[in-house]
Structure formats: structure tokens, C-alpha cells
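Below is one structure; the comments refer to it alone.
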Amino acid sequence: KNATSPRIIAFGDNDVDCYETTGMMYPGGNALNVAVFARRAGANTAFIGAMGRDPAGDHMRATLCAEGVDISRLRTVTGRSAHCVIRNSPTGDREFLSADLGVSIIAPDAGDLQMIASADVVHTGRSSHVVPHLPAFAESSLLSFDLADQTGHGYIAQVAPYCYLASVSGGKLDDAEVSSLQAQIRDLGATWCLITRGEKGAVLFGPETEVFVRPIAANVIDTLGAGDSFIARVLVGLLRKEPPQTLMNAASQTAAETCEQHGGFGYPAPIEICDTDAMPIANVHAHAVKLAVRAMQRNANKSVPGKQPTRRRTI
């Protein structure tokens, strides 16, 4: 709708990323990060999610306001804000140790979908656990979805048909696997497919397009958020109809800058969390599925469109 300042709404996951070695926490989560990075790239952004009335939630809300992200549909609820405990390897790679999802897993309601319908794109991803709601998202707006490292056909088949941009973290994939994966994703309906590969660079596939970019040299301190910053810059560039090589070069630069600081995009604060319900990372996604079902049940009496879209929006 606006070629220079597209409207992007990010829905879902948020947390404070806690670094035990420094005693500091930083705002994070894929959806929240994309909202901030897209705003920094010049987009008009909003974030829809849920946080607790606690120091972690207060810090995230203040950060979003400082970055100019619209939080008019952000839920502030009784309970714990989500957090994740992280450490870095000697080379800066982030390792997730434990997490508590708190109140962060929600289902969209009618008001959320009304806001999404006013946007050019809605972004969400695997960590938000909203796959059952993707038909409603895609009926309201174009959809950007971060599959993270999920490359199984079953999961892709649930997501790709609704995507304008499907992003995958493919650092462990070889060239043949990358080619096969993007073909599968695009054959199922995604217009664009972005595969980031860490030190191997990144590739963007789209209509008559295959663009590769190498990583830019950086003083790597922490890789957390680098992929989110890459996705956000690519998404803004696609909406602006920038040349693919131009937007990929810009995204690589943004990701390099992200790696040169702790946290996704800064804003450190002393750790203030309740970790009594934290669990090992290996158990988090199974627990999130249960929370997502409960969120859908809470919305059961609300009017939320859920039919299959007859035609995905195009741009």
C-alpha cells in the first residue's frame, strides 16, 4: 500500500533472552525481532502478542515504544512474560539452554485479524505456534512465515501454500538439499523462499529469481537475532520492489551488524525473571503445542474467520 514505508504486522512470540554470564536480559523472539528490524529498515510496523505485568514485560513494552513499533493490540496480562536462558560459544554462536513460554502463546482474535487486514504483510513463525490460523492470516494479508529449521514435508505442506515469503534456517543443508527444499516450498505455493545458511551465506528464490549473497565479515559476538534481521530486511525490500540483489546485500549487512552485539537488537537490562517454571529447550515446543490448544479454546466463543482462502493475496 505504501512503496516506501510498507505496513508490516508481526504476530506471536516474544521473550527476554537472558545471558547468565553477564547477568543481563534483552528483548527478543522471532516475531518481536522482525517488527523492530523492519521498523529500523523504514517500514511501519506493529507487534501483536502477550506479555506479563512483570519487569520483563515492562522492559519489552518500553523497548517497542522506543523503537516506534505500534503496540495498540499488545496484550498485557496476569502471568509471567516468556524468557529464554542463553549462552554463547567461543565463536559467538548462541545456544538455548532453558525457557519458560509464560503467557506468550496466543491465538488471534477478530480485532487482531482486522488490524492484519490493514497491513501489507503479517509475519509470524514456528515459535508462535499459529499454524491452524494461517488460512485466516492469508485471507487477511500477505503472509511471511519463518519455518526456522523445520524442513519436514508434513510441516512445510501446512505452511507453504499460504506464504508470500517462507524463510528457512538451513545452515546444515548442502547445495542439493537447498535446491530441493526451495523447489518443494515454492511448488506448494510460496511466492518467495529465503534460505539463510550462516557462514555459507543466503539464497533468495522467487519468480525467475535466484540470488545468492555471501556473509559480510564481522566481529561476531552473538549470532542471536541475525536470521530475524535478515528476514526483516528481505521482507521490506520485497514490498518496496527493490532489486533482489540489492535487498539481499542490505540484509547481509544488517545481519553482520546484528552479530556484533549481544541480544537481538540491544537494550540490555538486569535479569529480573521467575524461573521456577523454566524447562529444558528440548521440552519447550511440545509444551507450546499444549498452550496453543488452550489459546484456541479461549477464543472458541469469539468470531474468528477460519475457512480456507479461495485465493491467496498477491502483490
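Here's how to read the names in the C-alpha cells: chain A, B, ... by the order shown, residue numbers from 1 in each chain, ligand numbers from 1 in the order shown.
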Listing only residues of stretch 21-118 of chain A within 8 Å of stretch 127-132 of chain A, what is the closest atom pair and its distance in Å (to one decimal) for each, using only C-alpha atoms, sorted by chain and residue number ascending, as a tab-separated table?
```
residue	atom	partner	partner_atom	distance
A:Asn30	CA	A:Ser127	CA	7.4
A:Ala31	CA	A:Ser128	CA	7.8
A:Ile105	CA	A:Ser128	CA	6.5
A:Ile106	CA	A:Ser128	CA	8.0
A:Ala107	CA	A:Val130	CA	6.8
```
Take the selection from the previous step and output its residues with C-alpha atoms, as a CSV table (one decimal), in the first residue's frame.
```csv
chain,number,residue,atom,x,y,z
A,30,ASN,CA,11.3,-14.0,16.2
A,31,ALA,CA,8.1,-12.0,15.7
A,105,ILE,CA,1.4,-18.2,23.2
A,106,ILE,CA,-1.9,-16.7,22.0
A,107,ALA,CA,-4.5,-17.2,19.2
```
I need the residues in stretch 48-155 of chain A that are alpha helix (DSSP H) according to DSSP; give them as a ChimeraX atom specification.
/A:55-66,110-116,134-140,153-155
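In this structure, atom CA of A:Phe212 sits 27.7 Å away from atom CA of A:Asn88.
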So that I can check the surroundings of A:Val122, please list as a tab-separated table (two decimals) with N, CA, C and O atoms, in the first residue's frame every protein, DNA and RNA residue that reaches within 8 Å of it, counting only C-alpha atoms and ignoring chain neighbours fewer than 5 positions away.
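Generated output (part_3.tsv):
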```tsv
chain	number	residue	atom	x	y	z
A	8	ILE	N	3.80	-3.59	8.08
A	8	ILE	CA	4.09	-4.97	8.46
A	8	ILE	C	3.64	-5.20	9.89
A	8	ILE	O	3.99	-4.43	10.79
A	9	ILE	N	2.87	-6.26	10.11
A	9	ILE	CA	2.43	-6.63	11.45
A	9	ILE	C	3.06	-7.97	11.81
A	9	ILE	O	2.96	-8.94	11.05
A	10	ALA	N	3.73	-8.02	12.95
A	10	ALA	CA	4.33	-9.26	13.44
A	10	ALA	C	3.46	-9.81	14.55
A	10	ALA	O	3.04	-9.08	15.44
A	11	PHE	N	3.19	-11.10	14.48
A	11	PHE	CA	2.28	-11.73	15.43
A	11	PHE	C	2.97	-12.87	16.16
A	11	PHE	O	3.54	-13.76	15.54
A	116	ILE	N	-4.63	-6.88	10.97
A	116	ILE	CA	-3.80	-7.54	9.95
A	116	ILE	C	-4.31	-7.24	8.56
A	116	ILE	O	-3.53	-7.08	7.61
A	137	PHE	N	-4.95	-15.78	8.46
A	137	PHE	CA	-3.92	-14.76	8.21
A	137	PHE	C	-3.82	-14.47	6.71
A	137	PHE	O	-3.79	-13.32	6.28
A	141	SER	N	-4.17	-10.90	4.68
A	141	SER	CA	-2.99	-10.17	4.25
A	141	SER	C	-2.03	-11.15	3.58
A	141	SER	O	-2.25	-12.37	3.58
A	142	LEU	N	-0.95	-10.62	3.02
A	142	LEU	CA	0.15	-11.49	2.61
A	142	LEU	C	0.81	-12.05	3.86
A	142	LEU	O	0.82	-11.40	4.91
A	143	LEU	N	1.39	-13.24	3.75
A	143	LEU	CA	1.96	-13.92	4.91
A	143	LEU	C	3.45	-14.16	4.73
A	143	LEU	O	3.89	-14.71	3.72
A	144	SER	N	4.21	-13.75	5.74
A	144	SER	CA	5.63	-14.10	5.86
A	144	SER	C	5.74	-15.07	7.03
A	144	SER	O	5.24	-14.80	8.12
```
Set the distance at 10 Å and use only C-alpha atoms: which residues neighbour stretch 267-269 of chain A once local chain neighbours fewer than 4 positions away are removed? I'd like the list as a list of chain:residue names.
A:Val16, A:Asp17, A:Cys18, A:Tyr19, A:Thr22, A:Gly23, A:Met24, A:Met25, A:Tyr26, A:Pro27, A:Pro55, A:Ala56, A:His59, A:Met60, A:Ala62, A:Thr63, A:His262, A:Gly263
Selected residues, C-alpha atoms, written as a PDB file, in the first residue's frame, please.
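Below is the file that was written, result.pdb:
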```
ATOM      1  CA  VAL A  16      13.581 -11.763  27.184  1.00  0.00           C
ATOM      2  CA  ASP A  17      16.836 -13.507  26.299  1.00  0.00           C
ATOM      3  CA  CYS A  18      18.855 -13.936  29.474  1.00  0.00           C
ATOM      4  CA  TYR A  19      22.642 -14.262  29.463  1.00  0.00           C
ATOM      5  CA  THR A  22      26.625 -11.161  32.016  1.00  0.00           C
ATOM      6  CA  GLY A  23      23.505 -11.069  34.188  1.00  0.00           C
ATOM      7  CA  MET A  24      21.656  -9.109  31.505  1.00  0.00           C
ATOM      8  CA  MET A  25      18.425  -9.730  29.597  1.00  0.00           C
ATOM      9  CA  TYR A  26      17.463  -8.440  26.148  1.00  0.00           C
ATOM     10  CA  PRO A  27      14.103  -8.221  24.312  1.00  0.00           C
ATOM     11  CA  PRO A  55       9.841  -6.437  34.843  1.00  0.00           C
ATOM     12  CA  ALA A  56      10.496  -8.487  31.712  1.00  0.00           C
ATOM     13  CA  HIS A  59      11.140  -3.836  29.521  1.00  0.00           C
ATOM     14  CA  MET A  60       9.858  -5.309  26.253  1.00  0.00           C
ATOM     15  CA  ALA A  62       9.195   0.090  26.702  1.00  0.00           C
ATOM     16  CA  THR A  63      11.624  -1.120  24.050  1.00  0.00           C
ATOM     17  CA  HIS A 262      24.616  -9.174  22.494  1.00  0.00           C
ATOM     18  CA  GLY A 263      20.900  -9.764  22.141  1.00  0.00           C
TER      19      GLY A 263
END
```
Would you mind telling me which residue in A:Gly49, A:Thr209, A:Gln245, A:Asp146 lies nearest to A:Ser229 when using only C-alpha atoms?
A:Asp146
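Distances from A:Ser252, A:Thr276, A:Thr124, A:Gln261 to A:Gly201 were compared using only C-alpha atoms, and the smallest one belongs to A:Ser252.
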Would you mind telling me which residue in A:Ser180, A:Ile48, A:Tyr164, A:Asp175 lies nearest to A:Cys193 when using only C-alpha atoms?
A:Tyr164
When you look at A:Ser72 with a cut-off of 12 Å (counting only C-alpha atoms), what residues show up, excluding the ones that are within fewer than 6 positions of it in the same chain? I need them as a VMD selection string.
chain A and resid 9 45 to 50 61 64 to 65 111 to 112 115
